[in-house]
Structures are given as C-alpha cells and as structure tokens.
file protein-v8.txt (compact mmCIF, C-alpha atoms)
# COMPACT_ATOMS: atom_id res chain seq x y z
CA MET A 1 -5.35 -22.72 -35.65
CA ALA A 2 -5.58 -23.92 -32.09
CA SER A 3 -7.58 -27.07 -31.57
CA LEU A 4 -10.96 -27.02 -29.92
CA ASP A 5 -9.57 -28.52 -26.76
CA ASP A 6 -6.86 -25.88 -26.46
CA LEU A 7 -9.38 -23.10 -26.91
CA LYS A 8 -11.61 -24.59 -24.25
CA LYS A 9 -8.73 -24.76 -21.81
CA ARG A 10 -7.80 -21.17 -22.46
CA ILE A 11 -11.35 -19.97 -21.89
CA VAL A 12 -11.47 -21.79 -18.57
CA SER A 13 -8.13 -20.33 -17.51
CA VAL A 14 -9.07 -16.78 -18.43
CA LYS A 15 -12.34 -17.20 -16.58
CA SER A 16 -10.61 -18.27 -13.43
CA THR A 17 -8.19 -15.35 -13.70
CA GLN A 18 -11.19 -13.10 -14.00
CA LYS A 19 -12.63 -14.59 -10.84
CA ILE A 20 -9.45 -13.78 -8.97
CA THR A 21 -9.22 -10.20 -10.20
CA LYS A 22 -12.86 -9.70 -9.37
CA ALA A 23 -12.32 -10.93 -5.85
CA MET A 24 -9.26 -8.73 -5.46
CA LYS A 25 -11.27 -5.77 -6.61
CA MET A 26 -13.94 -6.47 -4.02
CA VAL A 27 -11.36 -6.80 -1.27
CA ALA A 28 -9.65 -3.59 -2.34
CA ALA A 29 -12.97 -1.78 -2.40
CA ALA A 30 -13.74 -2.86 1.15
CA LYS A 31 -10.28 -1.94 2.34
CA LEU A 32 -10.39 1.34 0.47
CA LYS A 33 -13.38 2.48 2.45
CA ARG A 34 -11.52 1.94 5.67
CA ALA A 35 -8.25 3.41 4.47
CA GLN A 36 -10.04 6.45 3.15
CA ASP A 37 -11.81 6.94 6.45
CA ASN A 38 -8.52 6.68 8.28
CA ALA A 39 -6.84 9.15 5.96
CA GLU A 40 -9.66 11.62 6.46
CA LYS A 41 -9.67 11.17 10.19
CA GLY A 42 -5.93 11.67 10.33
CA ARG A 43 -6.02 14.96 8.49
CA PRO A 44 -7.13 17.26 11.32
CA TYR A 45 -4.18 16.26 13.45
CA SER A 46 -1.53 17.02 10.88
CA GLU A 47 -3.30 20.19 9.79
CA LYS A 48 -3.51 21.49 13.33
CA MET A 49 0.08 20.54 13.93
CA ASN A 50 1.10 22.48 10.85
CA ASN A 51 -0.92 25.49 11.93
CA ILE A 52 0.59 25.58 15.36
CA ILE A 53 4.08 25.30 13.99
CA LEU A 54 3.34 28.06 11.53
CA ASN A 55 2.11 30.32 14.29
CA LEU A 56 5.11 29.44 16.38
CA SER A 57 7.63 30.10 13.67
CA ASN A 58 5.98 33.41 12.93
CA GLY A 59 6.16 34.31 16.59
CA ILE A 60 9.76 33.37 16.98
CA SER A 61 11.80 36.50 17.46
CA ASP A 62 15.29 35.61 16.50
CA LYS A 63 15.39 33.44 13.45
CA GLU A 64 19.12 32.85 13.63
CA ASN A 65 18.91 30.67 16.65
CA ALA A 66 15.83 28.78 15.54
CA PRO A 67 16.08 25.01 15.84
CA LYS A 68 17.96 23.39 13.00
CA LEU A 69 14.99 21.25 12.06
CA LEU A 70 13.18 24.43 11.10
CA SER A 71 15.90 26.56 9.60
CA GLY A 72 18.11 23.84 8.16
CA THR A 73 21.82 23.33 8.60
CA GLY A 74 22.59 26.20 6.29
CA ASP A 75 23.93 23.73 3.79
CA GLU A 76 22.30 21.78 0.99
CA LYS A 77 24.88 19.21 0.21
CA THR A 78 23.39 15.93 1.23
CA HIS A 79 19.83 15.03 0.38
CA LEU A 80 17.91 12.29 2.08
CA CYS A 81 14.92 10.93 0.22
CA VAL A 82 12.35 8.77 1.93
CA ILE A 83 10.34 6.75 -0.57
CA LEU A 84 7.08 5.45 0.81
CA THR A 85 5.62 2.59 -1.22
CA SER A 86 3.46 -0.45 -0.64
CA ASP A 87 4.53 -3.93 0.36
CA ARG A 88 2.32 -5.62 -2.18
CA GLY A 89 2.13 -5.49 -5.92
CA LEU A 90 -0.79 -5.75 -8.33
CA CYS A 91 -1.89 -2.23 -7.74
CA GLY A 92 -1.51 -0.63 -11.13
CA GLY A 93 0.87 2.25 -11.48
CA PHE A 94 0.86 3.05 -7.79
CA ASN A 95 4.46 2.21 -6.95
CA THR A 96 5.80 3.06 -10.38
CA ASN A 97 4.40 6.57 -10.16
CA ILE A 98 6.11 7.27 -6.87
CA VAL A 99 9.37 5.82 -8.09
CA LYS A 100 9.18 7.80 -11.32
CA LYS A 101 8.66 11.01 -9.41
CA ALA A 102 11.52 10.16 -7.10
CA LYS A 103 13.85 9.25 -9.96
CA SER A 104 13.41 12.57 -11.67
CA TYR A 105 14.25 14.24 -8.37
CA PHE A 106 17.31 12.01 -7.97
CA ASP A 107 18.52 12.99 -11.42
CA LYS A 108 18.27 16.64 -10.55
CA ILE A 109 20.22 16.18 -7.36
CA GLU A 110 22.95 14.18 -9.00
CA LYS A 111 23.24 16.68 -11.81
CA ASP A 112 23.86 19.37 -9.24
CA GLY A 113 26.66 17.29 -7.83
CA LYS A 114 25.00 16.76 -4.47
CA ILE A 115 25.12 13.64 -2.38
CA LEU A 116 22.05 11.43 -2.45
CA LYS A 117 20.89 9.07 0.27
CA ILE A 118 17.78 6.97 0.03
CA VAL A 119 15.56 5.34 2.60
CA THR A 120 12.82 3.09 1.30
CA VAL A 121 9.71 2.30 3.29
CA GLY A 122 7.79 -0.61 1.80
CA SER A 123 9.40 -3.41 -0.16
CA LYS A 124 8.10 -2.58 -3.64
CA GLY A 125 9.91 0.72 -3.85
CA ASN A 126 13.09 -0.98 -2.79
CA ASP A 127 12.64 -3.62 -5.49
CA GLN A 128 12.32 -0.99 -8.17
CA LEU A 129 15.16 1.20 -7.01
CA LYS A 130 17.83 -1.23 -5.91
CA ARG A 131 19.09 -1.99 -9.40
CA ILE A 132 20.06 1.56 -10.29
CA TYR A 133 20.45 3.20 -6.91
CA GLY A 134 21.39 0.12 -4.90
CA GLU A 135 24.48 1.54 -3.27
CA LYS A 136 22.64 4.75 -2.34
CA ILE A 137 19.95 3.03 -0.32
CA ILE A 138 21.10 3.32 3.25
CA GLU A 139 18.07 1.84 4.94
CA LYS A 140 15.07 -0.20 3.98
CA ILE A 141 12.08 -0.49 6.19
CA SER A 142 9.05 -2.65 5.73
CA PHE A 143 5.92 -2.87 7.81
CA LYS A 144 4.71 -6.12 6.35
CA ASP A 145 3.99 -7.50 9.77
CA SER A 146 1.80 -4.74 11.08
CA LYS A 147 -1.73 -5.15 9.85
CA ASN A 148 -2.89 -1.59 10.26
CA ILE A 149 -0.99 1.57 9.84
CA ASN A 150 -0.28 2.89 13.26
CA PHE A 151 1.41 5.94 14.60
CA PHE A 152 3.99 3.83 16.36
CA ASP A 153 5.47 2.68 13.05
CA ALA A 154 5.57 6.21 11.68
CA ASP A 155 7.21 7.36 14.86
CA LYS A 156 9.96 4.79 14.42
CA VAL A 157 10.76 6.13 10.97
CA GLY A 158 10.57 9.70 12.24
CA LYS A 159 12.93 9.01 15.13
CA MET A 160 15.39 7.34 12.81
CA ILE A 161 15.39 10.34 10.50
CA ILE A 162 15.90 12.75 13.37
CA GLU A 163 18.73 10.67 14.75
CA MET A 164 20.44 10.79 11.39
CA PHE A 165 19.88 14.50 11.18
CA GLU A 166 21.44 15.05 14.57
CA LYS A 167 24.46 13.08 13.45
CA LYS A 168 24.63 15.50 10.52
CA GLU A 169 24.25 12.74 7.97
CA PHE A 170 22.09 14.89 5.70
CA ASP A 171 20.94 18.47 5.23
CA VAL A 172 17.65 18.22 3.40
CA CYS A 173 14.99 15.54 3.75
CA THR A 174 12.16 14.94 1.31
CA ILE A 175 9.44 12.33 1.49
CA PHE A 176 7.74 10.80 -1.53
CA TYR A 177 4.24 9.37 -1.40
CA ASN A 178 0.97 9.29 -3.26
CA LYS A 179 -1.70 11.71 -2.22
CA PHE A 180 -5.17 10.28 -2.42
CA LYS A 181 -7.47 12.43 -4.48
CA ASN A 182 -10.07 9.92 -5.52
CA VAL A 183 -10.26 6.31 -6.59
CA ILE A 184 -8.96 7.01 -10.07
CA THR A 185 -6.51 9.77 -9.33
CA GLN A 186 -3.58 9.59 -6.98
CA ILE A 187 -1.00 12.30 -7.18
CA PRO A 188 2.62 11.45 -6.45
CA GLN A 189 3.97 14.02 -4.03
CA ALA A 190 7.38 15.21 -2.98
CA GLN A 191 7.27 16.96 0.36
CA GLN A 192 10.24 18.52 2.02
CA ILE A 193 10.14 17.99 5.77
CA ILE A 194 13.62 19.11 6.83
CA PRO A 195 14.08 22.05 6.85
CA LEU A 196 10.39 22.68 7.16
CA LYS A 197 8.78 24.73 4.44
CA THR A 198 6.14 27.03 5.78
CA SER A 199 5.93 29.46 2.91
CA GLU A 200 3.00 27.81 1.13
CA SER A 201 0.45 28.73 3.76
CA GLU A 202 1.90 32.06 4.74
CA GLY A 203 -1.10 33.80 3.28
CA ASN A 204 -3.40 32.93 6.14
CA SER A 205 -0.95 33.51 8.94
CA SER A 206 -2.77 35.20 11.71
CA GLU A 207 -1.71 38.34 13.49
CA ASP A 208 -2.47 36.78 16.82
CA ASN A 209 -0.04 37.27 19.58
CA TYR A 210 0.33 34.06 21.41
CA GLU A 211 1.49 33.49 24.87
CA PHE A 212 3.95 30.68 25.12
CA GLU A 213 4.60 28.47 28.04
CA PRO A 214 7.47 27.54 28.19
CA GLU A 215 9.44 29.69 25.74
CA GLU A 216 8.93 29.46 21.98
CA ASP A 217 12.27 27.84 21.34
CA GLU A 218 11.60 25.12 23.83
CA ILE A 219 8.17 24.35 22.44
CA LEU A 220 9.51 24.34 18.92
CA SER A 221 12.37 22.02 19.65
CA ASN A 222 9.89 19.68 21.27
CA LEU A 223 7.31 19.96 18.59
CA LEU A 224 9.38 19.71 15.43
CA PRO A 225 10.46 16.11 15.91
CA LYS A 226 6.85 15.21 16.56
CA ASN A 227 5.81 17.00 13.43
CA ILE A 228 8.13 14.85 11.37
CA SER A 229 6.55 11.68 12.66
CA THR A 230 3.15 13.21 12.05
CA GLN A 231 3.97 14.09 8.47
CA ILE A 232 5.27 10.59 7.83
CA PHE A 233 2.18 9.14 9.40
CA LYS A 234 0.00 11.32 7.22
CA ALA A 235 1.95 10.21 4.17
CA MET A 236 1.48 6.58 5.17
CA LEU A 237 -2.26 7.03 5.57
CA GLU A 238 -2.60 8.78 2.24
CA ASN A 239 -0.46 6.10 0.70
CA SER A 240 -2.57 3.25 1.97
CA ALA A 241 -5.76 4.85 0.71
CA SER A 242 -4.07 5.45 -2.65
CA GLU A 243 -2.80 1.90 -2.79
CA GLN A 244 -6.25 0.42 -2.33
CA GLY A 245 -7.81 2.88 -4.76
CA SER A 246 -5.17 2.15 -7.33
CA ARG A 247 -5.52 -1.59 -6.85
CA MET A 248 -9.26 -1.37 -7.15
CA SER A 249 -9.18 0.42 -10.47
CA ALA A 250 -6.38 -1.80 -11.76
CA MET A 251 -8.33 -4.92 -10.86
CA ASP A 252 -11.48 -3.46 -12.34
CA ASN A 253 -9.63 -2.98 -15.61
CA ALA A 254 -8.21 -6.47 -15.43
CA THR A 255 -11.65 -7.95 -14.89
CA ARG A 256 -13.01 -6.08 -17.87
CA ASN A 257 -10.11 -7.12 -20.07
CA ALA A 258 -10.55 -10.72 -19.04
CA GLY A 259 -14.23 -10.47 -19.93
CA GLU A 260 -13.39 -9.18 -23.39
CA MET A 261 -10.88 -11.94 -23.85
CA VAL A 262 -13.41 -14.59 -22.88
CA ASP A 263 -15.88 -13.17 -25.42
CA LYS A 264 -13.28 -13.23 -28.17
CA LEU A 265 -12.18 -16.73 -27.34
CA THR A 266 -15.76 -17.96 -27.19
CA ILE A 267 -16.44 -16.63 -30.68
CA GLU A 268 -13.29 -18.27 -31.96
CA TYR A 269 -14.26 -21.51 -30.27
CA ASN A 270 -17.73 -21.49 -31.79
CA ARG A 271 -16.38 -20.67 -35.26
CA SER A 272 -13.93 -23.51 -35.26
CA ARG A 273 -16.57 -25.88 -33.90
CA GLN A 274 -18.88 -24.87 -36.75
CA ALA A 275 -16.08 -25.24 -39.24
CA ALA A 276 -15.40 -28.75 -37.99
CA ILE A 277 -19.05 -29.70 -38.30
CA THR A 278 -19.27 -28.24 -41.80
CA LYS A 279 -16.16 -30.11 -42.80
CA GLU A 280 -17.60 -33.38 -41.57
CA LEU A 281 -20.89 -32.77 -43.40
CA ILE A 282 -19.08 -32.00 -46.63
CA GLU A 283 -17.13 -35.20 -46.25
CA ILE A 284 -20.28 -37.24 -45.72
CA ILE A 285 -22.17 -35.59 -48.60
CA SER A 286 -19.34 -35.89 -51.08
CA GLY A 287 -18.86 -39.47 -49.96
CA ALA A 288 -22.56 -40.20 -50.63
CA GLU A 289 -22.44 -38.43 -54.00
CA SER A 290 -19.54 -40.48 -55.23
CA LEU A 291 -21.49 -43.68 -54.77
CA MET B 1 -23.80 35.35 27.91
CA SER B 2 -22.71 31.81 27.91
CA GLU B 3 -19.44 31.03 29.51
CA THR B 4 -18.59 28.09 27.35
CA PHE B 5 -16.03 27.44 24.65
CA LYS B 6 -15.16 24.74 22.18
CA LEU B 7 -12.85 21.83 22.88
CA GLU B 8 -11.27 19.61 20.27
CA ILE B 9 -9.07 16.68 21.12
CA VAL B 10 -7.38 14.98 18.19
CA ASN B 11 -4.91 12.15 18.04
CA PRO B 12 -3.10 10.98 14.91
CA GLU B 13 -5.69 8.33 14.11
CA LYS B 14 -8.84 10.38 14.50
CA SER B 15 -10.70 13.17 16.21
CA PHE B 16 -10.94 11.85 19.70
CA LEU B 17 -13.46 14.27 21.07
CA ILE B 18 -15.24 17.44 20.00
CA LYS B 19 -17.36 19.38 22.46
CA GLU B 20 -18.98 22.72 21.87
CA ASN B 21 -19.87 23.73 25.36
CA VAL B 22 -17.27 23.17 27.98
CA THR B 23 -16.85 25.63 30.81
CA GLU B 24 -13.40 24.75 32.00
CA VAL B 25 -10.55 22.50 30.99
CA VAL B 26 -7.66 21.70 33.28
CA VAL B 27 -4.60 20.60 31.36
CA PRO B 28 -1.38 19.13 32.75
CA ALA B 29 0.91 21.66 31.07
CA PHE B 30 4.63 21.18 31.15
CA GLU B 31 5.18 23.79 33.82
CA GLY B 32 2.25 22.83 35.98
CA GLU B 33 -1.47 22.31 35.77
CA MET B 34 -3.36 25.05 34.06
CA GLY B 35 -7.05 25.78 34.10
CA ILE B 36 -8.48 27.34 30.96
CA LEU B 37 -11.68 29.32 30.96
CA LYS B 38 -13.49 31.22 28.25
CA ASP B 39 -11.67 34.25 26.80
CA HIS B 40 -8.30 33.02 27.90
CA ILE B 41 -5.46 34.72 26.05
CA SER B 42 -4.21 32.86 22.99
CA ILE B 43 -1.71 30.36 24.23
CA ILE B 44 0.42 27.51 23.02
CA SER B 45 1.85 25.08 25.49
CA PHE B 46 2.77 21.46 25.70
CA LEU B 47 1.75 18.72 28.02
CA LYS B 48 3.40 16.28 30.31
CA PRO B 49 1.82 12.96 31.33
CA GLY B 50 -1.13 13.71 33.52
CA VAL B 51 -4.86 14.01 33.84
CA LEU B 52 -6.87 16.30 31.64
CA LYS B 53 -10.14 17.39 33.23
CA VAL B 54 -13.10 18.63 31.27
CA LEU B 55 -15.93 20.47 32.99
CA GLU B 56 -19.25 20.94 31.30
CA GLY B 57 -21.65 23.16 33.14
CA GLY B 58 -22.96 21.49 36.28
CA SER B 59 -20.55 19.73 38.49
CA GLU B 60 -19.85 16.81 36.23
CA GLU B 61 -16.24 16.30 35.40
CA LYS B 62 -14.68 14.01 32.83
CA LYS B 63 -11.13 12.86 33.22
CA TYR B 64 -8.73 11.74 30.53
CA TYR B 65 -5.23 10.49 30.81
CA VAL B 66 -2.82 12.11 28.33
CA GLU B 67 0.75 11.13 27.84
CA ASP B 68 2.07 14.00 25.81
CA GLY B 69 0.81 16.57 23.40
CA ILE B 70 0.41 20.19 22.64
CA ILE B 71 -2.44 22.58 23.23
CA GLU B 72 -3.46 25.69 21.41
CA PHE B 73 -6.10 28.09 22.60
CA LYS B 74 -7.35 30.67 20.16
CA ASN B 75 -10.65 32.47 19.60
CA ASN B 76 -12.34 30.44 22.29
CA CYS B 77 -11.37 27.17 20.74
CA LEU B 78 -9.04 24.83 22.57
CA SER B 79 -7.23 22.25 20.45
CA VAL B 80 -5.45 19.43 22.15
CA LEU B 81 -3.12 17.33 20.02
CA THR B 82 -1.94 14.20 21.68
CA SER B 83 -0.64 10.86 20.57
CA ASN B 84 -1.86 8.89 23.54
CA ILE B 85 -5.11 9.50 25.37
CA PHE B 86 -7.81 7.47 27.08
CA ASP B 87 -10.89 8.03 29.18
CA ILE B 88 -10.04 7.16 32.75
CA SER B 89 -13.51 5.95 33.65
CA GLU B 90 -13.40 3.45 30.79
CA ALA B 91 -9.88 2.20 31.29
CA ASN B 92 -9.36 -1.14 32.97
CA LYS B 93 -6.80 -1.96 35.53
CA THR B 94 -4.82 -4.55 33.59
CA SER B 95 -4.07 -2.27 30.66
CA ILE B 96 -2.93 0.49 33.00
CA THR B 97 -0.71 -1.93 34.87
CA GLU B 98 0.78 -2.96 31.57
CA ILE B 99 1.65 0.61 30.66
CA ILE B 100 3.17 1.12 34.10
CA ASN B 101 5.32 -1.98 33.70
CA ASN B 102 6.55 -0.82 30.31
CA ALA B 103 7.34 2.61 31.66
CA GLU B 104 9.20 1.14 34.61
CA LYS B 105 11.29 -0.93 32.26
CA GLU B 106 12.08 2.22 30.30
CA ALA B 107 13.06 4.02 33.48
CA GLU B 108 15.72 1.42 34.19
CA ASP B 109 17.70 2.62 31.21
CA ASN B 110 20.65 4.59 32.55
CA ASP B 111 21.28 6.60 29.40
CA LEU B 112 18.17 8.75 29.80
CA ASP B 113 18.65 12.46 30.11
CA ASP B 114 17.07 14.29 32.99
CA GLN B 115 14.08 15.54 31.09
CA LYS B 116 13.09 12.13 29.78
CA ARG B 117 13.59 10.56 33.18
CA TYR B 118 11.40 13.22 34.73
CA LEU B 119 8.67 12.56 32.16
CA ILE B 120 8.72 8.82 32.69
CA GLU B 121 8.65 9.13 36.44
CA GLN B 122 5.78 11.54 36.13
CA LYS B 123 3.97 9.07 33.91
CA ILE B 124 4.39 6.20 36.36
CA GLU B 125 3.23 8.33 39.24
CA VAL B 126 0.10 9.54 37.47
CA LEU B 127 -0.82 6.08 36.24
CA LYS B 128 -0.38 4.61 39.68
CA SER B 129 -2.66 7.20 41.18
CA ILE B 130 -5.22 6.42 38.49
CA SER B 131 -5.13 2.71 39.13
CA ILE B 132 -5.65 3.30 42.85
CA ILE B 133 -8.77 5.37 42.20
CA ASN B 134 -10.18 2.77 39.88

call {"tool": "encode", "arguments": {"input": "protein-v8.txt", "output": "structure tokens"}}
result
Amino acid sequence: MASLDDLKKRIVSVKSTQKITKAMKMVAAAKLKRAQDNAEKGRPYSEKMNNIILNLSNGISDKENAPKLLSGTGDEKTHLCVILTSDRGLCGGFNTNIVKKAKSYFDKIEKDGKILKIVTVGSKGNDQLKRIYGEKIIEKISFKDSKNINFFDADKVGKMIIEMFEKKEFDVCTIFYNKFKNVITQIPQAQQIIPLKTSESEGNSSEDNYEFEPEEDEILSNLLPKNISTQIFKAMLENSASEQGSRMSAMDNATRNAGEMVDKLTIEYNRSRQAAITKELIEIISGAESL
Amino acid sequence: MSETFKLEIVNPEKSFLIKENVTEVVVPAFEGEMGILKDHISIISFLKPGVLKVLEGGSEEKKYYVEDGIIEFKNNCLSVLTSNIFDISEANKTSITEIINNAEKEAEDNDLDDQKRYLIEQKIEVLKSISIIN
C-alpha cells in the first residue's frame, strides 16, 4: 500500500490536472460560441453559391462542353483527398474520427486499384496519417499562424487544388471534415467537390429561366473555382466549431474523471490514516497491558 | 403597389447586409453597369471591381465598393455574393491606398493574362476615384 505521503502527492497532482482541464473547458466553451456563430454566418454564402451553380448547371444547354470542374475529366483514376483537421490535440475523438472516415475511403480506393493522393490541412491529421500513407501525402498545409479562420487561407488551398487539377494531376477530389451538429455530436463528412455533385438537391431545382450575362459557360468557368474555395472555407468553419465542441466535451469528461479520482484517493488516504492511528493505539494499549 | 424589392449581400464570413425595401440597385456587372429595378427578369451575372449603389426610396444613395462576386436576381430578391466589400462612406484613405499599392504591385507581374490585367487595372482605377472623392 502506498504511503500516506505518496497518496497526498497524488491527490494534489490530480487536483491540479483537474484545474487545467477545467480551464481548457472554459476556454473551449468561449471559443465555441464564436466558432459556432462564424459557422452559422458562413452558411448563407455557401448555400447561395450552391443554388446559383445548380441553377446554372440546369440551364446549361450542352453538357458535353461543360467546364471540366463540373463534369469531371471523364476518368476516375486518380483520387485526391483533402483531409481537414485541427492543429491542436486534446480534443477528444475529433481528429481520429476524420482520419478513420478517410482511411476507410482510402482502403476502398486502393482496393479498386486507383491512385491515391493526399493533402492534409492541419498538422494533427498529418501526424496520424504519415506512418501508413506517408509516401502518398503530396502536400501538407497548416494554418497555425493565422489566429482566425479567414477566407484568404481557404482560397489558397482552393487555388492549389485547381492548379493541380489543371495540370491533370487528379480526376476526383474529395474533402474530409467534421460537420458541426451540436456540442456532443460532430459528424465526419466526405464531400466530393470535383467533379461537383449536384444530384442531392435536384428535387428543388426551379423551372426558372434565367438570363445570363455573359454566357452560361463563361459564368460557370468563373464561378466553379470560387465555389471550391467556398466549400473549403465552409468545411474549415464547420471544422473549427466541431473542434471546440469536441474539446469542450472531452475536457468536461476529463474534469469529471479527475473529480472521481480525487474522491477515491481521498477515501484511500483517510482509510490508511485511520489504519495507522489504530495501529499506534493498539501498540500503546498492548504495551500498557504487558506491564 | 410598392416598387421595392429585397437585397441581400453576403460575403464568406457573414451576411453583410439585408434590406427589404430597396428601389434600385446599380451593380458593376462584368459587361457594364446594370441597374436593377423591381420585377427584373431572373438574371445571373458576375461582377468586376466597381461601385455598387443602393437606392432606398427618397434620393439617398449608399455606395459600396465590391471587388468581385456574383449576383442572382429571382422573385424580386437580389442576392449579391462577394468576397470583398466595404462601405465607401466608412472607408478611410490609408486602407484604400494600401489596397491600391498591393494591386499596383500585382499589376507589375508580366505573366498575367489579359482578363486578369483588365480586372486589376479596373480595380486600381475605381479605388483611385474613390479615394479622390473621400
């Protein structure tokens, strides 16, 4: 059995850990509020963008000559996966969930004998993937230095992807991120951005006849690259809200566990203190009796 | 019958502006300025750097600088999606000068294609005219 001193030290150490996790939870909660606001504010833009593109692609008359970003290269050989994760740890299963989702997708691709290329955004995803897929990671990006998520960063990633697409380095591009549902639930998502999938919202496509100025093709070829940056930006916003939410609940759990541990240790400490006192008393009494 | 329609301006970070009762919006569309009134035909177009004017009844006119973007007009609702916008009356001279300097640096690049060069030159011109007014 550990000595009284050891127990005391452990209690103190667990208590200070609890203080840290509590503080981290508070910080995450404050940041969550902001990140959530940002994610909600960012939604109208990407939704509108999607709508316009949907209307445009419905209006386009000859699908054969549609921009490649919309229709694809006609091939499905090389897949590019963009994994968006956080730069910091201690946020529960946040990064692991994204990576898990991505890995199952990788397996499928490799089973089909297709070529896989990976771009990681955020250092944690890179850390988890580099051991198995190290040689497949062609680019790693980290925005550790920028405090807030801004469109400029997303645009950089978007431009890089488009540049690679124009060089015909891949045929299909999918982004992985966590969609923020609420503080407890974040859903890992795989979203294909090249070629663009419009089928999911085809139900509400309007019959409106739009006038286009300039021509549809020109608008589309201008808009599609922007849409990619927008989608990445949306993913980054969702991700940051998810990260804070996930961290908050993870730290909440940690605080509770630390509390339980302190209780247990305190009981153990008191028991052994009592036992020591009893032992001493017995020694004194039996010493007195023997006289 | 009111002659007003709804205007929504959003940028990636947030909804920049929502107004229910504007009478006319003049947008710097790619092929020239375009005034939009109520019951305009559904239209999609994109913007070049320029000044977006919003008229609300009366004679008052609000001016915004937009750098790029796309507009959609449908069912008397005008949506403007832009990544860079600011209110001209609130902008200060130094920040505008800074943008002009950056744009001028960009224009020095010789690899630009004609369209990009045109856009940047347009941007510099518009910003200069703004900074003179202010």

call {"tool": "closest_atom_pairs", "arguments": {"input": "protein-v8.txt", "of": "chain B", "to": "chain A", "cutoff": "12 Å", "atoms": "all atoms listed in the file", "output": "tab-separated table"}}
result
residue	atom	partner	partner_atom	distance
B:Glu8	CA	A:Pro44	CA	10.1
B:Ile9	CA	A:Tyr45	CA	9.1
B:Val10	CA	A:Tyr45	CA	5.9
B:Asn11	CA	A:Tyr45	CA	6.2
B:Pro12	CA	A:Gly42	CA	5.4
B:Glu13	CA	A:Gly42	CA	5.0
B:Lys14	CA	A:Lys41	CA	4.5
B:Ser15	CA	A:Lys41	CA	6.4
B:Phe16	CA	A:Lys41	CA	9.6
B:Leu17	CA	A:Lys41	CA	11.9
B:Ile18	CA	A:Pro44	CA	11.9
B:Ala29	CA	A:Glu213	CA	8.3
B:Phe30	CA	A:Pro214	CA	7.6
B:Glu31	CA	A:Pro214	CA	7.1
B:Gly32	CA	A:Glu213	CA	10.0
B:Glu33	CA	A:Glu213	CA	11.6
B:Met34	CA	A:Glu213	CA	10.5
B:His40	CA	A:Glu211	CA	10.3
B:Ile41	CA	A:Glu211	CA	7.2
B:Ser42	CA	A:Tyr210	CA	5.0
B:Ile43	CA	A:Glu211	CA	4.5
B:Ile44	CA	A:Phe212	CA	5.2
B:Ser45	CA	A:Glu213	CA	5.1
B:Phe46	CA	A:Ile219	CA	6.9
B:Leu47	CA	A:Glu213	CA	10.2
B:Lys48	CA	A:Asn222	CA	11.6
B:Asp68	CA	A:Lys226	CA	10.5
B:Gly69	CA	A:Leu223	CA	8.8
B:Ile70	CA	A:Leu223	CA	8.0
B:Ile71	CA	A:Ile52	CA	9.0
B:Glu72	CA	A:Ile52	CA	7.3
B:Phe73	CA	A:Tyr210	CA	8.9
B:Lys74	CA	A:Tyr210	CA	8.5
B:Asn75	CA	A:Asp208	CA	9.7
B:Leu78	CA	A:Lys48	CA	11.3
B:Ser79	CA	A:Lys48	CA	8.1
B:Val80	CA	A:Lys48	CA	9.3
B:Leu81	CA	A:Tyr45	CA	6.7
B:Thr82	CA	A:Tyr45	CA	8.8
B:Ser83	CA	A:Phe151	CA	8.0
B:Asn84	CA	A:Phe151	CA	10.0
B:Gln115	CA	A:Asn222	CA	11.5
B:Lys116	CA	A:Asn222	CA	11.8

call {"tool": "atom_distance", "arguments": {"input": "protein-v8.txt", "atom1": "CA of Ser131 in chain B", "atom2": "CA of Ile96 in chain B"}}
result
6.9 Å

call {"tool": "atom_distance", "arguments": {"input": "protein-v8.txt", "atom1": "CA of Lys38 in chain B", "atom2": "CA of Gly50 in chain B"}}
result
22.1 Å

call {"tool": "residues_near_point", "arguments": {"input": "protein-v8.txt", "point": "(-14.2, 28.9, 32.6)", "cutoff": "7 Å", "atoms": "all atoms listed in the file", "output": "list in words"}}
result
Glu3, Thr4, Thr23, Glu24, Ile36, Leu37 and Lys38 of chain B

call {"tool": "closest_residue", "arguments": {"input": "protein-v8.txt", "among": "A:Lys25, A:Lys144, A:Lys114, A:Arg34", "to": "Asp252 in chain A", "atoms": "only C-alpha atoms"}}
result
A:Lys25

call {"tool": "residues_around", "arguments": {"input": "protein-v8.txt", "residues": "Ser71 in chain A", "least_positions_apart": "4", "cutoff": "8 Å", "atoms": "all atoms listed in the file", "output": "PyMOL selection string"}}
result
chain A and resi 63+66-67+195-196

call {"tool": "residues_around", "arguments": {"input": "protein-v8.txt", "residues": "Leu32 in chain A", "least_positions_apart": "3", "cutoff": "10 Å", "atoms": "all atoms listed in the file", "output": "ChimeraX atom specification"}}
result
/A:26-29,35-38,183,240-248

call {"tool": "residues_near_point", "arguments": {"input": "protein-v8.txt", "point": "(10.8, 9.7, 17.7)", "cutoff": "7 Å", "atoms": "only C-alpha atoms", "output": "list in words"}}
result
Asp155, Lys156, Gly158, Lys159, Pro225, Lys226 and Ser229 of chain A

call {"tool": "atom_distance", "arguments": {"input": "protein-v8.txt", "atom1": "CA of Asp87 in chain B", "atom2": "CA of Phe5 in chain B"}}
result
20.6 Å

call {"tool": "closest_residue", "arguments": {"input": "protein-v8.txt", "among": "B:Val26, B:Ile88, B:Ile120, B:Val54", "to": "Ile132 in chain B", "atoms": "only C-alpha atoms"}}
result
B:Ile88

call {"tool": "decode", "arguments": {"input": "protein-v8.txt", "residues": "range 146-157 of chain A", "atoms": "N, CA and C atoms", "output": "CSV table (one decimal), in the first residue's frame"}}
result
chain,number,residue,atom,x,y,z
A,146,SER,N,-2.3,31.6,-38.5
A,146,SER,CA,-3.4,32.6,-38.5
A,146,SER,C,-4.4,32.3,-37.4
A,147,LYS,N,-4.7,33.3,-36.7
A,147,LYS,CA,-5.5,33.2,-35.5
A,147,LYS,C,-6.9,32.8,-35.8
A,148,ASN,N,-7.5,33.5,-36.7
A,148,ASN,CA,-8.9,33.2,-37.1
A,148,ASN,C,-8.9,32.6,-38.5
A,149,ILE,N,-10.0,31.8,-38.7
A,149,ILE,CA,-10.1,31.2,-40.0
A,149,ILE,C,-10.5,32.3,-40.9
A,150,ASN,N,-9.8,32.5,-42.0
A,150,ASN,CA,-10.2,33.5,-42.9
A,150,ASN,C,-10.3,33.0,-44.3
A,151,PHE,N,-11.1,33.7,-45.2
A,151,PHE,CA,-11.3,33.2,-46.5
A,151,PHE,C,-10.0,33.1,-47.3
A,152,PHE,N,-9.1,34.0,-47.0
A,152,PHE,CA,-7.9,34.0,-47.7
A,152,PHE,C,-7.1,32.7,-47.6
A,153,ASP,N,-7.1,32.1,-46.5
A,153,ASP,CA,-6.4,30.8,-46.3
A,153,ASP,C,-7.1,29.7,-47.1
A,154,ALA,N,-8.5,29.7,-47.1
A,154,ALA,CA,-9.2,28.7,-47.8
A,154,ALA,C,-9.0,28.9,-49.3
A,155,ASP,N,-8.9,30.2,-49.7
A,155,ASP,CA,-8.7,30.5,-51.1
A,155,ASP,C,-7.3,29.9,-51.6
A,156,LYS,N,-6.3,30.0,-50.7
A,156,LYS,CA,-5.0,29.4,-51.0
A,156,LYS,C,-5.1,27.9,-51.3
A,157,VAL,N,-5.8,27.2,-50.4
A,157,VAL,CA,-6.0,25.8,-50.6
A,157,VAL,C,-6.7,25.5,-51.9
